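Asker: My questions all concern the structure below.
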Amino acid sequence: MKTVEDIVIVGRHAVKEAIVSGHTINKIWIQEGIRKQQINDILQSAKAQKLIVQTVPKSKLDNLANAPHQGVAALIAPYEYADFDQFIQSQKDKEGLSTVVILDGLEDPHNLGSILRTADASGVDGVIIPKRRSVALTQTVAKASTGAIQHVPVMRVTNLAKTIDELKEHGYWVAGAEADNATDYRDMAADMPLAIVIGSEGQGMSRLVKDKCDFYIKIPMVGHVNSLNASVAASLMMYEVYRKRHQIEDNA
């Protein structure tokens, strides 16, 4: 497993999910004067796991992060990236069709956090990012994901094009988000293992990755703006896959 540097996470949802998921937590900071009933679940979980909890001035929490902290922060062990080969093996044993999202050069941590949040909600099995020219798993990503970072495997690979080839070898079909010569996303097929590629915020998919796609899908737009935020586009496509694979009465 490969990791990033030690980080601080902030916000009640992010800290609570880190505790509940069993992530290694070195210390929890609670703002002085905060109403304990507002964070009682965090305090109870921390006590049950015998975690270190310290009460600190608001100024300390303000200095720890540039995001709203809601009076709670934690110093945690590095987030671990999932191993691609182990992930593929796990998908062979799961019930139902596998879905992964490939992010080609996404640089905004808020977009990655939002995508992880939707991936968790819509049942996506994993997210793949490149090592170069891409946002990593950071404090901002953790905050934006509201805890989903603890539940969605994120794989960091050296070569996206090669990874796509390996996915194809294991039966995945690769759909790239692309405006030209593309199928309306509402008509895309989802009855097979699927990898959805979302390009970078400004440049879209790289040429090598684009050439590896089996087909292209687009989101129709009738307004004056000709593009959507990457996390919004990814969310629409993830839920379209969910819609096609599940009946309305199906809660799975």
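Scheme for the structure tokens: letters A, B, ... for chains in order shown; per-chain residue numbers from 1; ligand numbers from 1 in order shown.
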Using DSSP secondary structure from the backbone, list all strand (DSSP E or B) positions within region 55-241 of chain A, as a ChimeraX atom specification.
Answerer: /A:55-56,72-76,80-81,99-104,126-130,154-157,173-177,183-184,194-200,204,215-218
Asker: Skipping near chain neighbours, those fewer than 4 positions away, what residues fall within 7 Å of Gly105 (chain A) using only C-alpha atoms, listed as a count of residues only?
Answerer: 5
Asker: Which polymer residues have any atom within 10 Å of an atom of Gln70 (chain A), counting only C-alpha atoms, with same-chain residues fewer than 5 positions away left out, as an MDAnalysis selection string?
Answerer: chainID A and resid 10:13 30:31 34 38:39 58 61
Asker: Please, could you write that set of residues out with all heavy atoms as an mmCIF file, in the first residue's frame?
Answerer:
```
data_model
loop_
_atom_site.group_PDB
_atom_site.id
_atom_site.type_symbol
_atom_site.label_atom_id
_atom_site.label_comp_id
_atom_site.auth_asym_id
_atom_site.auth_seq_id
_atom_site.Cartn_x
_atom_site.Cartn_y
_atom_site.Cartn_z
ATOM 1 N N VAL A 10 -10.704 17.994 9.305
ATOM 2 C CA VAL A 10 -11.574 18.864 10.088
ATOM 3 C C VAL A 10 -13.029 18.614 9.723
ATOM 4 O O VAL A 10 -13.338 18.098 8.643
ATOM 5 C CB VAL A 10 -11.225 20.355 9.858
ATOM 6 C CG1 VAL A 10 -9.809 20.660 10.294
ATOM 7 C CG2 VAL A 10 -11.424 20.736 8.389
ATOM 8 N N GLY A 11 -13.917 18.976 10.624
ATOM 9 C CA GLY A 11 -15.345 18.811 10.374
ATOM 10 C C GLY A 11 -15.893 17.578 11.060
ATOM 11 O O GLY A 11 -15.224 16.556 11.181
ATOM 12 N N ARG A 12 -17.122 17.676 11.537
ATOM 13 C CA ARG A 12 -17.712 16.600 12.338
ATOM 14 C C ARG A 12 -17.917 15.317 11.537
ATOM 15 O O ARG A 12 -17.649 14.222 12.027
ATOM 16 C CB ARG A 12 -19.039 17.086 12.930
ATOM 17 C CG ARG A 12 -18.863 18.245 13.905
ATOM 18 C CD ARG A 12 -20.187 18.864 14.334
ATOM 19 N NE ARG A 12 -19.934 20.112 15.052
ATOM 20 C CZ ARG A 12 -20.895 20.959 15.419
ATOM 21 N NH1 ARG A 12 -22.167 20.686 15.138
ATOM 22 N NH2 ARG A 12 -20.589 22.067 16.068
ATOM 23 N N HIS A 13 -18.393 15.439 10.302
ATOM 24 C CA HIS A 13 -18.638 14.236 9.501
ATOM 25 C C HIS A 13 -17.335 13.513 9.204
ATOM 26 O O HIS A 13 -17.244 12.286 9.324
ATOM 27 C CB HIS A 13 -19.345 14.592 8.198
ATOM 28 C CG HIS A 13 -20.774 14.994 8.366
ATOM 29 N ND1 HIS A 13 -21.744 14.129 8.826
ATOM 30 C CD2 HIS A 13 -21.402 16.178 8.137
ATOM 31 C CE1 HIS A 13 -22.908 14.754 8.874
ATOM 32 N NE2 HIS A 13 -22.724 15.995 8.463
ATOM 33 N N ILE A 30 -10.832 19.334 20.198
ATOM 34 C CA ILE A 30 -12.182 19.875 20.360
ATOM 35 C C ILE A 30 -12.077 21.340 20.764
ATOM 36 O O ILE A 30 -11.297 21.699 21.650
ATOM 37 C CB ILE A 30 -12.971 19.098 21.440
ATOM 38 C CG1 ILE A 30 -13.026 17.604 21.099
ATOM 39 C CG2 ILE A 30 -14.374 19.675 21.597
ATOM 40 C CD1 ILE A 30 -13.764 17.282 19.828
ATOM 41 N N GLN A 31 -12.858 22.176 20.138
ATOM 42 C CA GLN A 31 -12.815 23.607 20.430
ATOM 43 C C GLN A 31 -13.357 23.916 21.813
ATOM 44 O O GLN A 31 -14.380 23.367 22.244
ATOM 45 C CB GLN A 31 -13.638 24.361 19.381
ATOM 46 C CG GLN A 31 -13.698 25.865 19.584
ATOM 47 C CD GLN A 31 -14.561 26.532 18.522
ATOM 48 O OE1 GLN A 31 -14.418 26.235 17.339
ATOM 49 N NE2 GLN A 31 -15.450 27.405 18.951
ATOM 50 N N ILE A 34 -17.384 24.534 23.013
ATOM 51 C CA ILE A 34 -18.372 23.930 22.127
ATOM 52 C C ILE A 34 -19.373 23.135 22.956
ATOM 53 O O ILE A 34 -19.027 22.537 23.983
ATOM 54 C CB ILE A 34 -17.684 23.016 21.081
ATOM 55 C CG1 ILE A 34 -18.667 22.641 19.967
ATOM 56 C CG2 ILE A 34 -17.116 21.768 21.722
ATOM 57 C CD1 ILE A 34 -18.014 21.929 18.796
ATOM 58 N N GLN A 38 -23.536 18.560 20.868
ATOM 59 C CA GLN A 38 -23.421 18.647 19.417
ATOM 60 C C GLN A 38 -22.421 17.628 18.860
ATOM 61 O O GLN A 38 -22.503 17.255 17.690
ATOM 62 C CB GLN A 38 -22.987 20.064 19.005
ATOM 63 C CG GLN A 38 -24.018 21.142 19.315
ATOM 64 C CD GLN A 38 -23.524 22.526 18.935
ATOM 65 O OE1 GLN A 38 -22.317 22.785 18.922
ATOM 66 N NE2 GLN A 38 -24.443 23.407 18.612
ATOM 67 N N ILE A 39 -21.501 17.212 19.681
ATOM 68 C CA ILE A 39 -20.466 16.270 19.232
ATOM 69 C C ILE A 39 -20.427 15.043 20.132
ATOM 70 O O ILE A 39 -19.389 14.367 20.217
ATOM 71 C CB ILE A 39 -19.077 16.956 19.213
ATOM 72 C CG1 ILE A 39 -18.748 17.521 20.602
ATOM 73 C CG2 ILE A 39 -19.018 18.026 18.145
ATOM 74 C CD1 ILE A 39 -17.307 17.969 20.733
ATOM 75 N N LYS A 58 -10.189 28.079 19.823
ATOM 76 C CA LYS A 58 -10.668 28.136 18.439
ATOM 77 C C LYS A 58 -9.548 28.561 17.493
ATOM 78 O O LYS A 58 -9.481 28.086 16.356
ATOM 79 C CB LYS A 58 -11.837 29.115 18.333
ATOM 80 C CG LYS A 58 -12.411 29.258 16.924
ATOM 81 C CD LYS A 58 -13.608 30.199 16.915
ATOM 82 C CE LYS A 58 -14.202 30.326 15.506
ATOM 83 N NZ LYS A 58 -13.250 30.992 14.578
ATOM 84 N N LEU A 61 -7.606 25.660 16.008
ATOM 85 C CA LEU A 61 -8.304 24.972 14.931
ATOM 86 C C LEU A 61 -8.326 25.823 13.666
ATOM 87 O O LEU A 61 -8.213 25.300 12.554
ATOM 88 C CB LEU A 61 -9.730 24.623 15.359
ATOM 89 C CG LEU A 61 -9.868 23.633 16.516
ATOM 90 C CD1 LEU A 61 -11.341 23.311 16.765
ATOM 91 C CD2 LEU A 61 -9.088 22.356 16.246
#
```
Asker: Just want the 9 Å neighbourhood of Thr146 (chain A), counted on only C-alpha atoms, with same-chain residues fewer than 5 positions away dropped. Output as a list in words.
Answerer: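 The filter keeps Gly11, Arg12, His13, Ala14, Val15, Glu17, Gly113, Ser114, Arg117 and Val141 of chain A.
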Asker: Go ahead and save the residues from that selection, with all heavy atoms, as a short mmCIF file (atom, residue, chain, number, x, y, z; two decimals), in the first residue's frame.
Answerer:
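Wrote part-v7.cif, looks like this:
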```cif
data_model
loop_
_atom_site.label_atom_id
_atom_site.label_comp_id
_atom_site.auth_asym_id
_atom_site.auth_seq_id
_atom_site.Cartn_x
_atom_site.Cartn_y
_atom_site.Cartn_z
N GLY A 11 -13.92 18.98 10.62
CA GLY A 11 -15.34 18.81 10.37
C GLY A 11 -15.89 17.58 11.06
O GLY A 11 -15.22 16.56 11.18
N ARG A 12 -17.12 17.68 11.54
CA ARG A 12 -17.71 16.60 12.34
C ARG A 12 -17.92 15.32 11.54
O ARG A 12 -17.65 14.22 12.03
CB ARG A 12 -19.04 17.09 12.93
CG ARG A 12 -18.86 18.25 13.91
CD ARG A 12 -20.19 18.86 14.33
NE ARG A 12 -19.93 20.11 15.05
CZ ARG A 12 -20.89 20.96 15.42
NH1 ARG A 12 -22.17 20.69 15.14
NH2 ARG A 12 -20.59 22.07 16.07
N HIS A 13 -18.39 15.44 10.30
CA HIS A 13 -18.64 14.24 9.50
C HIS A 13 -17.33 13.51 9.20
O HIS A 13 -17.24 12.29 9.32
CB HIS A 13 -19.35 14.59 8.20
CG HIS A 13 -20.77 14.99 8.37
ND1 HIS A 13 -21.74 14.13 8.83
CD2 HIS A 13 -21.40 16.18 8.14
CE1 HIS A 13 -22.91 14.75 8.87
NE2 HIS A 13 -22.72 15.99 8.46
N ALA A 14 -16.32 14.27 8.79
CA ALA A 14 -15.04 13.66 8.42
C ALA A 14 -14.39 12.97 9.62
O ALA A 14 -13.90 11.84 9.51
CB ALA A 14 -14.10 14.72 7.85
N VAL A 15 -14.41 13.62 10.78
CA VAL A 15 -13.80 13.04 11.97
C VAL A 15 -14.59 11.82 12.44
O VAL A 15 -14.02 10.78 12.79
CB VAL A 15 -13.68 14.08 13.09
CG1 VAL A 15 -13.21 13.43 14.40
CG2 VAL A 15 -12.72 15.20 12.69
N GLU A 17 -16.49 9.78 10.67
CA GLU A 17 -16.30 8.64 9.77
C GLU A 17 -14.92 8.03 9.94
O GLU A 17 -14.75 6.81 9.80
CB GLU A 17 -16.52 9.07 8.32
CG GLU A 17 -17.96 9.29 7.94
CD GLU A 17 -18.81 8.05 8.12
OE1 GLU A 17 -18.32 6.94 7.84
OE2 GLU A 17 -19.96 8.17 8.56
N GLY A 113 -13.26 15.29 -3.81
CA GLY A 113 -14.05 14.97 -2.63
C GLY A 113 -15.52 14.77 -2.94
O GLY A 113 -16.15 13.84 -2.45
N SER A 114 -16.05 15.63 -3.80
CA SER A 114 -17.45 15.51 -4.20
C SER A 114 -17.70 14.23 -4.98
O SER A 114 -18.72 13.55 -4.80
CB SER A 114 -17.85 16.73 -5.04
OG SER A 114 -19.20 16.64 -5.47
N ARG A 117 -17.81 11.33 -2.66
CA ARG A 117 -19.09 11.33 -1.93
C ARG A 117 -20.19 10.70 -2.78
O ARG A 117 -20.96 9.86 -2.29
CB ARG A 117 -19.45 12.76 -1.56
CG ARG A 117 -20.69 12.91 -0.69
CD ARG A 117 -20.88 14.36 -0.28
NE ARG A 117 -22.02 14.51 0.60
CZ ARG A 117 -22.37 15.68 1.16
NH1 ARG A 117 -21.66 16.76 0.91
NH2 ARG A 117 -23.44 15.74 1.95
N VAL A 141 -9.76 17.22 0.33
CA VAL A 141 -10.53 16.13 -0.28
C VAL A 141 -11.36 15.42 0.79
O VAL A 141 -12.54 15.14 0.59
CB VAL A 141 -9.60 15.13 -0.98
CG1 VAL A 141 -10.39 13.91 -1.48
CG2 VAL A 141 -8.89 15.79 -2.16
#
```
Asker: Within 9 Å of region 165-170 of chain A, counting only C-alpha atoms, which residues show up once you throw out same-chain ones fewer than 5 positions away? Write them as a list in words, please.
Answerer: Ile88, Lys92, Leu160, Pro193, Ala195 and Lys212 of chain A
Asker: Could you name the residues that touch Asn229 (chain A) at 12 Å or less, counting only C-alpha atoms, but leaving out those on the same chain fewer than 3 positions away, as an MDAnalysis selection string?
Answerer: chainID A and resid 106 108 110:112 114:115 198:202 204 219 225:226 232:236
Asker: List the neighbours of region 123-129 of chain A out to 9 Å using only C-alpha atoms; skip same-chain residues closer than 4 positions along the sequence, and give me the result as a ChimeraX atom specification.
Answerer: /A:82,84,87,91,98-106,115-116,118-119,134-136,152-158,160,238-239,242,252
